[in-house]
Structures are given as C-alpha cells and as structure tokens.
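Undergrad: Take a look at the following structure, please.
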Amino acid sequence: MINGHEIVLGIIVSPHGTGGLVKVYPYSDFPGRISLLAEVLLEKELSGRLYVVEKGIVHGKYWLVKFKGINSREEAAALRDYLIKIQKDERLPLPSGSYYHDQLVGLLVYSVSGELLGTVEEIRPGGGHDQVLLARAGKDDAYSLIPAVKEFIKQVNLEEGTIVVELPEGILDL
C-alpha cells in the first residue's frame with residue numbers, strides 16, 4: 001500500500017484499442033465514479049505506482065480508462081491484472097444509514113438489552129441483503145450470520161464502535 005491507497009475500485013483486465021486505454025472490471029457499486037478519478041494507485045503483487053487518470057468512462061459492465069503516459073496497446077497490456085486503488089477519504093459519501101463494509105468490521109455487537117454478542121468479523125454480500133458474520137463473544141471459533149436489515153440492526157455508532165441489534169430468538173444458534 002502506497003500513501004494510504006487501500007480501497008480497491010477494480011482490476012485491469014485487458015487493453016482496449018490501440019491508444020493506451022485499459023478495460024477495467026469495477027468493484028465499485030457506483031459505476032459513474034470512474035469519471036471523478038484524478039489520481040490512482042495501480043498495484044500488483046505489493047508493488048505499485050501512482051497514475052494520473054486522463055479519462056474514464058463506463059463501457060457496458062466495464063470501465064475504459066486512459067492513464068497519462070500510457071499511449072499504446074503494448075503499454076496498456078503491461079497493466080493487466082493491476083488493481084486500481086484510491087484512498088479511503090476519496091470514497092463517495094453514502095446516504096444516511098448506509099456504511100462501507102470496512103467501517104463495520106471490528107465493531108462490537110450488542111443486543112438491545114446490552115448483552116455483548118460478539119464482534120463483526122466480515123460482511124458477506126448476499127442476494128437480497130448482506131449478512132454480518134459475527135464472531136461470538138466468549139465462544140472460541142463460534143460464528144453466526146445476522147441479516148443486515150433494518151428490522152434487526154437497530155443502531156450503528158461508528159464513533160463508539162458499536163452496533164445494537166434486536167434479533168429473533170434462536171437466530172444466533174442457526
């Protein structure tokens with residue numbers, strides 16, 4: 001990681017055309033954000049370099065990106081499999097009540113009655129909704145999945161590092 005660039009936006013999959021464009025498979029939920037990029041880190045196998053983005057457009061389910069100094073198909077092909085990364089503070093703001101997954105990992109999860117249930121280990125994307133993988137408090141190698149829906153997640157407090165949930169009886173035993 002260079003200069004705090006730790007958020008992966010996508011991966012370069014191939015050159016596009018002959019003028020130095022690359023085709024990128026985006027990991028972002030905001031396809032149009034490609035047009036807002038000014039400088040990114042391209043990283044592969046823990047080595048990387050900063051590049052200025054001259055142009056970025058949405059092309060179907062991909063992005064087409066032109067980097068300053070990359071002017072041929074051969075130069076673009078050399079960037080295959082590089083990750084495109086930005087700094088955390090360059091992420092787009094989310095609507096109130098929405099969070100980036102990395103903001104939730106590590107938060108302590110409490111029941112509405114104040115019982116510590118565990119720690120958020122990861123957020124798993126799902127079809128209808130994401131799932132919170134909860135490392136259970138006081139139970140070695142015990143995990144539970146909690147649907148990340150407003151019916152169960154009552155409060156998220158990033159400053160305090162806590163989540164308060166109200167769960168149906170027995171859901172943690174599934």
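All residue names refer to the structure tokens as shown: chains lettered A, B, ... in order, residues numbered from 1 in each chain, ligands numbered from 1 in order.
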If we count only C-alpha atoms and set the cut-off at 9 Å, which residues sit around Thr18 (chain A), ignoring sequence neighbours fewer than 6 positions away in its own chain? Please answer as a list of chain:residue names.

TA: A:Asn71, A:Ser72, A:Arg73, A:Glu74, A:Ala76

Undergrad: Give me the residues near Leu92 (chain A) as a PyMOL selection string, where near means some atom within 12 Å (using only C-alpha atoms) and where sequence neighbours in that chain fewer than 5 positions away do not count.

TA: chain A and resi 7+9+28-34+36-37+86-87+98-100

Undergrad: Please extract the residues of region 33-121 of chain A with a backbone DSSP assignment of helix (DSSP H, G or I) and present them as a list in words.

TA: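 Filtering region 33-121 of chain A down to helix (DSSP H, G or I) leaves Arg33, Ile34, Ser35, Leu36, Arg73, Glu74, Glu75, Ala76, Ala77, Lys88, Asp89, Glu90, His101, Asp102, Gln103 and Leu104 of chain A.
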
Undergrad: Just the selected residues (N, CA and C atoms), exported as a PDB file, in the first residue's frame, please.

TA:
```pdb
ATOM      1  N   ARG A  33     -18.539   6.738 -10.888  1.00  0.00           N
ATOM      2  CA  ARG A  33     -17.451   7.310 -10.113  1.00  0.00           C
ATOM      3  C   ARG A  33     -16.153   7.309 -10.898  1.00  0.00           C
ATOM      4  N   ILE A  34     -16.061   6.486 -11.968  1.00  0.00           N
ATOM      5  CA  ILE A  34     -14.843   6.449 -12.773  1.00  0.00           C
ATOM      6  C   ILE A  34     -14.539   7.818 -13.374  1.00  0.00           C
ATOM      7  N   SER A  35     -15.572   8.589 -13.675  1.00  0.00           N
ATOM      8  CA  SER A  35     -15.356   9.907 -14.277  1.00  0.00           C
ATOM      9  C   SER A  35     -14.839  10.931 -13.270  1.00  0.00           C
ATOM     10  N   LEU A  36     -14.831  10.591 -11.980  1.00  0.00           N
ATOM     11  CA  LEU A  36     -14.394  11.522 -10.942  1.00  0.00           C
ATOM     12  C   LEU A  36     -12.945  11.314 -10.514  1.00  0.00           C
ATOM     13  N   ARG A  73      -1.153   0.180 -27.120  1.00  0.00           N
ATOM     14  CA  ARG A  73      -1.770  -1.080 -26.703  1.00  0.00           C
ATOM     15  C   ARG A  73      -0.788  -1.899 -25.861  1.00  0.00           C
ATOM     16  N   GLU A  74       0.484  -1.893 -26.244  1.00  0.00           N
ATOM     17  CA  GLU A  74       1.504  -2.668 -25.525  1.00  0.00           C
ATOM     18  C   GLU A  74       1.691  -2.146 -24.096  1.00  0.00           C
ATOM     19  N   GLU A  75       1.734  -0.822 -23.944  1.00  0.00           N
ATOM     20  CA  GLU A  75       1.859  -0.233 -22.603  1.00  0.00           C
ATOM     21  C   GLU A  75       0.618  -0.555 -21.762  1.00  0.00           C
ATOM     22  N   ALA A  76      -0.552  -0.502 -22.374  1.00  0.00           N
ATOM     23  CA  ALA A  76      -1.799  -0.823 -21.669  1.00  0.00           C
ATOM     24  C   ALA A  76      -1.822  -2.303 -21.284  1.00  0.00           C
ATOM     25  N   ALA A  77      -1.348  -3.180 -22.178  1.00  0.00           N
ATOM     26  CA  ALA A  77      -1.337  -4.622 -21.885  1.00  0.00           C
ATOM     27  C   ALA A  77      -0.436  -4.945 -20.698  1.00  0.00           C
ATOM     28  N   LYS A  88      -9.070   6.056   1.321  1.00  0.00           N
ATOM     29  CA  LYS A  88     -10.397   5.976   1.945  1.00  0.00           C
ATOM     30  C   LYS A  88     -11.167   7.284   1.850  1.00  0.00           C
ATOM     31  N   ASP A  89     -10.469   8.399   2.038  1.00  0.00           N
ATOM     32  CA  ASP A  89     -11.181   9.682   2.045  1.00  0.00           C
ATOM     33  C   ASP A  89     -11.637  10.127   0.649  1.00  0.00           C
ATOM     34  N   GLU A  90     -11.301   9.345  -0.380  1.00  0.00           N
ATOM     35  CA  GLU A  90     -11.757   9.642  -1.736  1.00  0.00           C
ATOM     36  C   GLU A  90     -13.035   8.881  -2.100  1.00  0.00           C
ATOM     37  N   HIS A 101     -18.426  -1.586   4.006  1.00  0.00           N
ATOM     38  CA  HIS A 101     -18.184  -2.810   4.777  1.00  0.00           C
ATOM     39  C   HIS A 101     -17.025  -2.655   5.751  1.00  0.00           C
ATOM     40  N   ASP A 102     -15.930  -2.046   5.309  1.00  0.00           N
ATOM     41  CA  ASP A 102     -14.761  -1.942   6.191  1.00  0.00           C
ATOM     42  C   ASP A 102     -15.028  -1.050   7.400  1.00  0.00           C
ATOM     43  N   GLN A 103     -16.054  -0.191   7.342  1.00  0.00           N
ATOM     44  CA  GLN A 103     -16.401   0.627   8.500  1.00  0.00           C
ATOM     45  C   GLN A 103     -17.037  -0.213   9.605  1.00  0.00           C
ATOM     46  N   LEU A 104     -17.636  -1.343   9.237  1.00  0.00           N
ATOM     47  CA  LEU A 104     -18.359  -2.166  10.206  1.00  0.00           C
ATOM     48  C   LEU A 104     -17.505  -3.287  10.804  1.00  0.00           C
TER      49      LEU A 104
END
```

Undergrad: May I ask which of the residues A:Glu54, A:Asp140, A:Glu115, A:Glu45 is the closest one to Leu167 (chain A), counting only C-alpha atoms?

TA: A:Glu115

Undergrad: Using only C-alpha atoms, pick whichever of A:Val132, A:Val165, A:Leu83, A:Leu94 has the shortest atom-to-atom distance to Tyr110 (chain A).

TA: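 When distances to Tyr110 (chain A) are compared using only C-alpha atoms, the smallest one comes from A:Val165.
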
Undergrad: Pick the closest to Pro147 (chain A) from A:Leu42, A:Ile171, A:Leu107, A:Ala135: which is it, counting only C-alpha atoms?

TA: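 For Pro147 (chain A), the nearest of the candidates is A:Ile171.
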
Undergrad: Env of Tyr27 (chain A): 8 Å cut, atoms = only C-alpha atoms, seq-sep filter 4 positions within chain, self excluded. Answer as a list in words.

TA: Val8, Leu9, Gly10 and Ile11 of chain A

Undergrad: Let me see the file: selected residues, N, CA and C atoms, as a PDB file, in the first residue's frame.

TA:
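Just written: out_1.pdb:
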```pdb
ATOM      1  N   VAL A   8      -9.887  -0.729  -3.054  1.00  0.00           N
ATOM      2  CA  VAL A   8      -9.789  -1.267  -4.405  1.00  0.00           C
ATOM      3  C   VAL A   8     -11.070  -0.943  -5.166  1.00  0.00           C
ATOM      4  N   LEU A   9     -10.919  -0.252  -6.297  1.00  0.00           N
ATOM      5  CA  LEU A   9     -12.070   0.105  -7.130  1.00  0.00           C
ATOM      6  C   LEU A   9     -12.294  -0.872  -8.269  1.00  0.00           C
ATOM      7  N   GLY A  10     -11.243  -1.586  -8.678  1.00  0.00           N
ATOM      8  CA  GLY A  10     -11.391  -2.507  -9.793  1.00  0.00           C
ATOM      9  C   GLY A  10     -10.065  -3.113 -10.183  1.00  0.00           C
ATOM     10  N   ILE A  11     -10.109  -3.960 -11.211  1.00  0.00           N
ATOM     11  CA  ILE A  11      -8.914  -4.621 -11.716  1.00  0.00           C
ATOM     12  C   ILE A  11      -8.862  -4.458 -13.237  1.00  0.00           C
TER      13      ILE A  11
END
```

Undergrad: Which residues come within 12 Å of Arg136 (chain A), counting only C-alpha atoms, excluding same-chain residues fewer than 5 positions away, as a ChimeraX atom specification?

TA: /A:108-110,115-121,141-146,172-173

Undergrad: For the residues selected in the previous step, produce a file with N, CA and C atoms as an mmCIF file, in the first residue's frame.

TA:
```
data_model
loop_
_atom_site.group_PDB
_atom_site.id
_atom_site.type_symbol
_atom_site.label_atom_id
_atom_site.label_comp_id
_atom_site.auth_asym_id
_atom_site.auth_seq_id
_atom_site.Cartn_x
_atom_site.Cartn_y
_atom_site.Cartn_z
ATOM 1 N N LEU A 108 -18.193 -3.842 17.869
ATOM 2 C CA LEU A 108 -18.804 -4.723 18.876
ATOM 3 C C LEU A 108 -20.310 -4.723 18.669
ATOM 4 N N VAL A 109 -20.912 -5.903 18.759
ATOM 5 C CA VAL A 109 -22.350 -6.047 18.545
ATOM 6 C C VAL A 109 -23.018 -6.369 19.878
ATOM 7 N N TYR A 110 -24.008 -5.549 20.236
ATOM 8 C CA TYR A 110 -24.760 -5.715 21.481
ATOM 9 C C TYR A 110 -26.230 -5.953 21.161
ATOM 10 N N GLU A 115 -26.457 -6.894 26.129
ATOM 11 C CA GLU A 115 -25.577 -8.064 26.175
ATOM 12 C C GLU A 115 -24.601 -8.038 24.992
ATOM 13 N N LEU A 116 -23.303 -8.208 25.276
ATOM 14 C CA LEU A 116 -22.312 -8.282 24.211
ATOM 15 C C LEU A 116 -22.475 -9.612 23.486
ATOM 16 N N LEU A 117 -22.765 -9.542 22.203
ATOM 17 C CA LEU A 117 -22.970 -10.749 21.402
ATOM 18 C C LEU A 117 -21.712 -11.171 20.659
ATOM 19 N N GLY A 118 -20.871 -10.215 20.315
ATOM 20 C CA GLY A 118 -19.645 -10.539 19.601
ATOM 21 C C GLY A 118 -19.114 -9.363 18.815
ATOM 22 N N THR A 119 -18.271 -9.690 17.821
ATOM 23 C CA THR A 119 -17.592 -8.697 17.002
ATOM 24 C C THR A 119 -17.860 -8.994 15.526
ATOM 25 N N VAL A 120 -18.043 -7.943 14.749
ATOM 26 C CA VAL A 120 -18.233 -8.120 13.307
ATOM 27 C C VAL A 120 -16.913 -8.600 12.706
ATOM 28 N N GLU A 121 -16.929 -9.796 12.155
ATOM 29 C CA GLU A 121 -15.749 -10.391 11.524
ATOM 30 C C GLU A 121 -15.642 -9.967 10.061
ATOM 31 N N ASP A 141 -14.069 -19.812 18.166
ATOM 32 C CA ASP A 141 -14.397 -20.348 16.839
ATOM 33 C C ASP A 141 -15.896 -20.538 16.614
ATOM 34 N N ALA A 142 -16.725 -19.743 17.294
ATOM 35 C CA ALA A 142 -18.174 -19.792 17.079
ATOM 36 C C ALA A 142 -18.591 -18.528 16.317
ATOM 37 N N TYR A 143 -19.342 -18.748 15.249
ATOM 38 C CA TYR A 143 -19.775 -17.642 14.404
ATOM 39 C C TYR A 143 -21.269 -17.766 14.139
ATOM 40 N N SER A 144 -21.880 -16.621 13.882
ATOM 41 C CA SER A 144 -23.285 -16.578 13.496
ATOM 42 C C SER A 144 -23.434 -15.570 12.372
ATOM 43 N N LEU A 145 -24.430 -15.791 11.529
ATOM 44 C CA LEU A 145 -24.757 -14.836 10.473
ATOM 45 C C LEU A 145 -26.017 -14.073 10.860
ATOM 46 N N ILE A 146 -25.941 -12.771 10.733
ATOM 47 C CA ILE A 146 -27.085 -11.911 11.018
ATOM 48 C C ILE A 146 -27.438 -11.171 9.734
ATOM 49 N N LEU A 172 -29.133 -16.780 16.517
ATOM 50 C CA LEU A 172 -27.688 -16.945 16.705
ATOM 51 C C LEU A 172 -27.294 -18.427 16.770
ATOM 52 N N ASP A 173 -28.254 -19.308 16.933
ATOM 53 C CA ASP A 173 -27.974 -20.740 17.027
ATOM 54 C C ASP A 173 -28.040 -21.430 15.665
#
```

Undergrad: Which residues are close to Arg49 (chain A), i.e. within 12 Å by only C-alpha atoms, leaving aside same-chain residues fewer than 5 positions away? Reply as JSON, numbers by chain.

TA: {"A": [1, 2, 3, 5, 39, 40, 41, 42, 43, 44, 67, 79, 82, 83, 84, 85, 86]}

Undergrad: Among chain A, which ones does DSSP assign to strand (DSSP E) (computed from the backbone)? Answer as a PyMOL selection string.

TA: chain A and resi 5-16+21-26+39-44+47-59+62-67+83-87+108-111+116-124+131-136+143-147+153-157+162-165

Undergrad: From the list A:Leu133, A:Gly114, A:Tyr51, A:Glu122, which residue is nearest Glu166 (chain A) when using only C-alpha atoms?

TA: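 Counting only C-alpha atoms, the residue closest to Glu166 (chain A) is A:Gly114.
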
Undergrad: Kindly give the distance, in Å, that separates CA of Thr162 (chain A) and CA of Glu6 (chain A), rounded to a single decimal.

TA: 23.3 Å
